[in-house]
Amino acid sequence: MTSFFSERTAEYSILPTVVTYLRQRFGAAAPMYFWLTREGNTVAEEVHVGRRMRVLVVFARRPKIWRGAMLLGKLNAELFEFAQRAEQHGLPCFAGFPAVRSVLELSEDFRTHWFPLIGEEQDDLHFQVDLSQPHLGPTAMDGRALRTVELGDLGDALENARVLPWSDTIKAIRSVRHPHRRSSYGDFFGGGSLYAPAYVVEPE
């Protein structure tokens with residue numbers, strides 16, 4: 001089933017709330033999209049030399065309209081695999097799902113369902129969200145409730161994340177990127193997963 005907007009649009013919609021919350025909690029937080037030839041280059045390393053930070057990994061998932069008020073979503077196995085590798089470097093990973101039925105609803109108050117990725121499912125996970133019952137969380141297609149978390153839990157995960165110098169941060173990001181399923185521009189623009197996350201860095 002085809003969605004009505006991309007992961008990048010979903011990313012634009014959910015990141016401001018995360019960054020605002022983390023800035024209020026920690027005093028500073030900055031969103032980052034990783035390109036090997038930009039954030040990963042020697043100039044960036046020189047600019048950030050001596051800086052230490054924690055990193056939060058955020059995958060945006062796009063909603064798909066199923067029927068009526070029912071939305072469908074998917075957490076790909078690759079995201080769980082990415083999270084396993086990221087955990088080895090002290091990078092917590094979450095997926096955010098904006099529960100909306102159109103692009104224009106992103107201009108209103110909407111709910112984002114946050115899924116922890118570390119230590120969770122390993123196969124593709126299809127789920128549904130019933131907008132007519134906002135008190136209910138996402139459920140798997142077999143009806144079982146799925147674990148979701150709140151913004152405070154993202155903040156707790158970031159607070160407990162490993163503190164890394166800039167150079168080690170870049171090494172960690174490069175290390176956890178999926179070695180397969182590259183986009184046609186992957187090797188030139190920075191390589192990595194077909195599902196590219198956003199990063200939020202919190203300086204120490």
# chains A, B, ... in the order shown; residues from 1 in each chain; ligands from 1
>>> select_by_dssp(residues="region 9-194 of chain A", states="strand (DSSP E or B)", output="ChimeraX atom specification")
/A:30-32,52-60,64-67,70-75,93-98,112-116,125-130,139-140,145,149,164-165
>>> closest_atom_pairs(of="region 47-156 of chain A", to="region 14-31 of chain A", cutoff="9 Å", atoms="only C-alpha atoms", output="Markdown table")
| residue | atom | partner | partner_atom | distance |
| --- | --- | --- | --- | --- |
| A:Val58 | CA | A:Leu15 | CA | 8.3 |
| A:Ala60 | CA | A:Ile14 | CA | 7.6 |
| A:Gly96 | CA | A:Ile14 | CA | 7.0 |
| A:Phe97 | CA | A:Ile14 | CA | 8.1 |
| A:Pro98 | CA | A:Ile14 | CA | 7.0 |
| A:Thr112 | CA | A:Ile14 | CA | 7.2 |
| A:Leu151 | CA | A:Val18 | CA | 7.0 |
| A:Gly152 | CA | A:Tyr21 | CA | 8.4 |
| A:Leu154 | CA | A:Val18 | CA | 8.4 |
| A:Gly155 | CA | A:Leu22 | CA | 6.5 |
>>> closest_residue(among="A:Arg174, A:Gln128, A:His89, A:Ile118", to="Trp35 (chain A)", atoms="only C-alpha atoms")
A:Arg174
>>> closest_residue(among="A:Glu105, A:Glu81, A:Glu150, A:Glu87", to="Gln122 (chain A)", atoms="only C-alpha atoms")
A:Glu81
>>> residues_around(residues="Asp153 (chain A)", least_positions_apart="4", cutoff="12 Å", atoms="only C-alpha atoms", output="PyMOL selection string")
chain A and resi 18+21-22+25+56+92-94+114-116+148-149+157-160
>>> residues_around(residues="Glu46 (chain A)", least_positions_apart="4", cutoff="10 Å", atoms="only C-alpha atoms", output="PyMOL selection string")
chain A and resi 41-42+50+166-167
>>> write_last_selection(atoms="all heavy atoms", output="PDB file, in the first residue's frame")
ATOM      1  N   ASN A  41      33.450  14.801   7.063  1.00  0.00           N
ATOM      2  CA  ASN A  41      34.724  15.170   6.436  1.00  0.00           C
ATOM      3  C   ASN A  41      35.718  15.760   7.448  1.00  0.00           C
ATOM      4  O   ASN A  41      35.403  15.949   8.622  1.00  0.00           O
ATOM      5  CB  ASN A  41      34.497  16.109   5.239  1.00  0.00           C
ATOM      6  CG  ASN A  41      33.978  17.489   5.643  1.00  0.00           C
ATOM      7  OD1 ASN A  41      34.098  17.899   6.803  1.00  0.00           O
ATOM      8  ND2 ASN A  41      33.410  18.212   4.693  1.00  0.00           N
ATOM      9  N   THR A  42      36.912  16.061   6.978  1.00  0.00           N
ATOM     10  CA  THR A  42      37.966  16.550   7.875  1.00  0.00           C
ATOM     11  C   THR A  42      37.691  17.959   8.375  1.00  0.00           C
ATOM     12  O   THR A  42      38.098  18.309   9.489  1.00  0.00           O
ATOM     13  CB  THR A  42      39.328  16.523   7.157  1.00  0.00           C
ATOM     14  OG1 THR A  42      39.239  17.278   5.931  1.00  0.00           O
ATOM     15  CG2 THR A  42      39.737  15.095   6.831  1.00  0.00           C
ATOM     16  N   GLY A  50      37.641  18.478  20.052  1.00  0.00           N
ATOM     17  CA  GLY A  50      37.534  18.729  21.488  1.00  0.00           C
ATOM     18  C   GLY A  50      36.114  18.676  22.021  1.00  0.00           C
ATOM     19  O   GLY A  50      35.925  18.691  23.239  1.00  0.00           O
ATOM     20  N   TRP A 166      33.777  14.052  19.003  1.00  0.00           N
ATOM     21  CA  TRP A 166      33.228  14.171  17.651  1.00  0.00           C
ATOM     22  C   TRP A 166      33.779  13.089  16.725  1.00  0.00           C
ATOM     23  O   TRP A 166      33.022  12.451  15.986  1.00  0.00           O
ATOM     24  CB  TRP A 166      33.517  15.550  17.071  1.00  0.00           C
ATOM     25  CG  TRP A 166      33.055  15.678  15.645  1.00  0.00           C
ATOM     26  CD1 TRP A 166      33.784  15.475  14.511  1.00  0.00           C
ATOM     27  CD2 TRP A 166      31.737  16.008  15.218  1.00  0.00           C
ATOM     28  NE1 TRP A 166      33.007  15.669  13.392  1.00  0.00           N
ATOM     29  CE2 TRP A 166      31.743  15.993  13.796  1.00  0.00           C
ATOM     30  CE3 TRP A 166      30.545  16.324  15.878  1.00  0.00           C
ATOM     31  CZ2 TRP A 166      30.610  16.281  13.035  1.00  0.00           C
ATOM     32  CZ3 TRP A 166      29.408  16.609  15.120  1.00  0.00           C
ATOM     33  CH2 TRP A 166      29.447  16.582  13.723  1.00  0.00           C
ATOM     34  N   SER A 167      35.076  12.865  16.754  1.00  0.00           N
ATOM     35  CA  SER A 167      35.672  11.894  15.839  1.00  0.00           C
ATOM     36  C   SER A 167      35.118  10.497  16.069  1.00  0.00           C
ATOM     37  O   SER A 167      34.863   9.749  15.121  1.00  0.00           O
ATOM     38  CB  SER A 167      37.199  11.890  15.980  1.00  0.00           C
ATOM     39  OG  SER A 167      37.585  11.563  17.307  1.00  0.00           O
TER      40      SER A 167
END
>>> closest_atom_pairs(of="region 4-122 of chain A", to="region 134-141 of chain A", cutoff="10 Å", atoms="only C-alpha atoms", output="JSON lines")
{"residue": "A:Leu71", "atom": "CA", "partner": "A:Pro138", "partner_atom": "CA", "distance": 9.4}
{"residue": "A:Leu72", "atom": "CA", "partner": "A:Met141", "partner_atom": "CA", "distance": 9.1}
{"residue": "A:Gly73", "atom": "CA", "partner": "A:Pro138", "partner_atom": "CA", "distance": 9.1}
{"residue": "A:Lys74", "atom": "CA", "partner": "A:Ala140", "partner_atom": "CA", "distance": 9.6}
{"residue": "A:Phe97", "atom": "CA", "partner": "A:Pro138", "partner_atom": "CA", "distance": 9.8}
{"residue": "A:Ala99", "atom": "CA", "partner": "A:Pro134", "partner_atom": "CA", "distance": 9.7}
{"residue": "A:Arg111", "atom": "CA", "partner": "A:Pro134", "partner_atom": "CA", "distance": 8.8}
{"residue": "A:His113", "atom": "CA", "partner": "A:Gly137", "partner_atom": "CA", "distance": 7.7}
{"residue": "A:Trp114", "atom": "CA", "partner": "A:Pro138", "partner_atom": "CA", "distance": 9.8}
{"residue": "A:Phe115", "atom": "CA", "partner": "A:Pro138", "partner_atom": "CA", "distance": 9.6}
>>> select_by_dssp(residues="region 51-158 of chain A", states="helix (DSSP H, G or I)", output="PyMOL selection string")
chain A and resi 77-88+104-107+151-158
>>> atom_distance(atom1="CA of Ser13 (chain A)", atom2="CA of Gln84 (chain A)")
25.7 Å
>>> atom_distance(atom1="CA of Arg8 (chain A)", atom2="CA of Tyr195 (chain A)")
10.1 Å
>>> atom_distance(atom1="CA of Gly40 (chain A)", atom2="CA of Glu202 (chain A)")
17.3 Å
>>> closest_residue(among="A:Asp168, A:Val176, A:Val43, A:Asp142", to="Ala196 (chain A)", atoms="only C-alpha atoms")
A:Val176
>>> closest_residue(among="A:Tyr199, A:Phe5, A:Phe34, A:Phe127", to="Val57 (chain A)", atoms="only C-alpha atoms")
A:Tyr199
>>> closest_residue(among="A:Leu75, A:Val201, A:Arg101, A:Gln133", to="Leu146 (chain A)", atoms="only C-alpha atoms")
A:Leu75
>>> closest_residue(among="A:Arg61, A:His48, A:Arg54, A:Arg144", to="Ala172 (chain A)", atoms="only C-alpha atoms")
A:Arg54
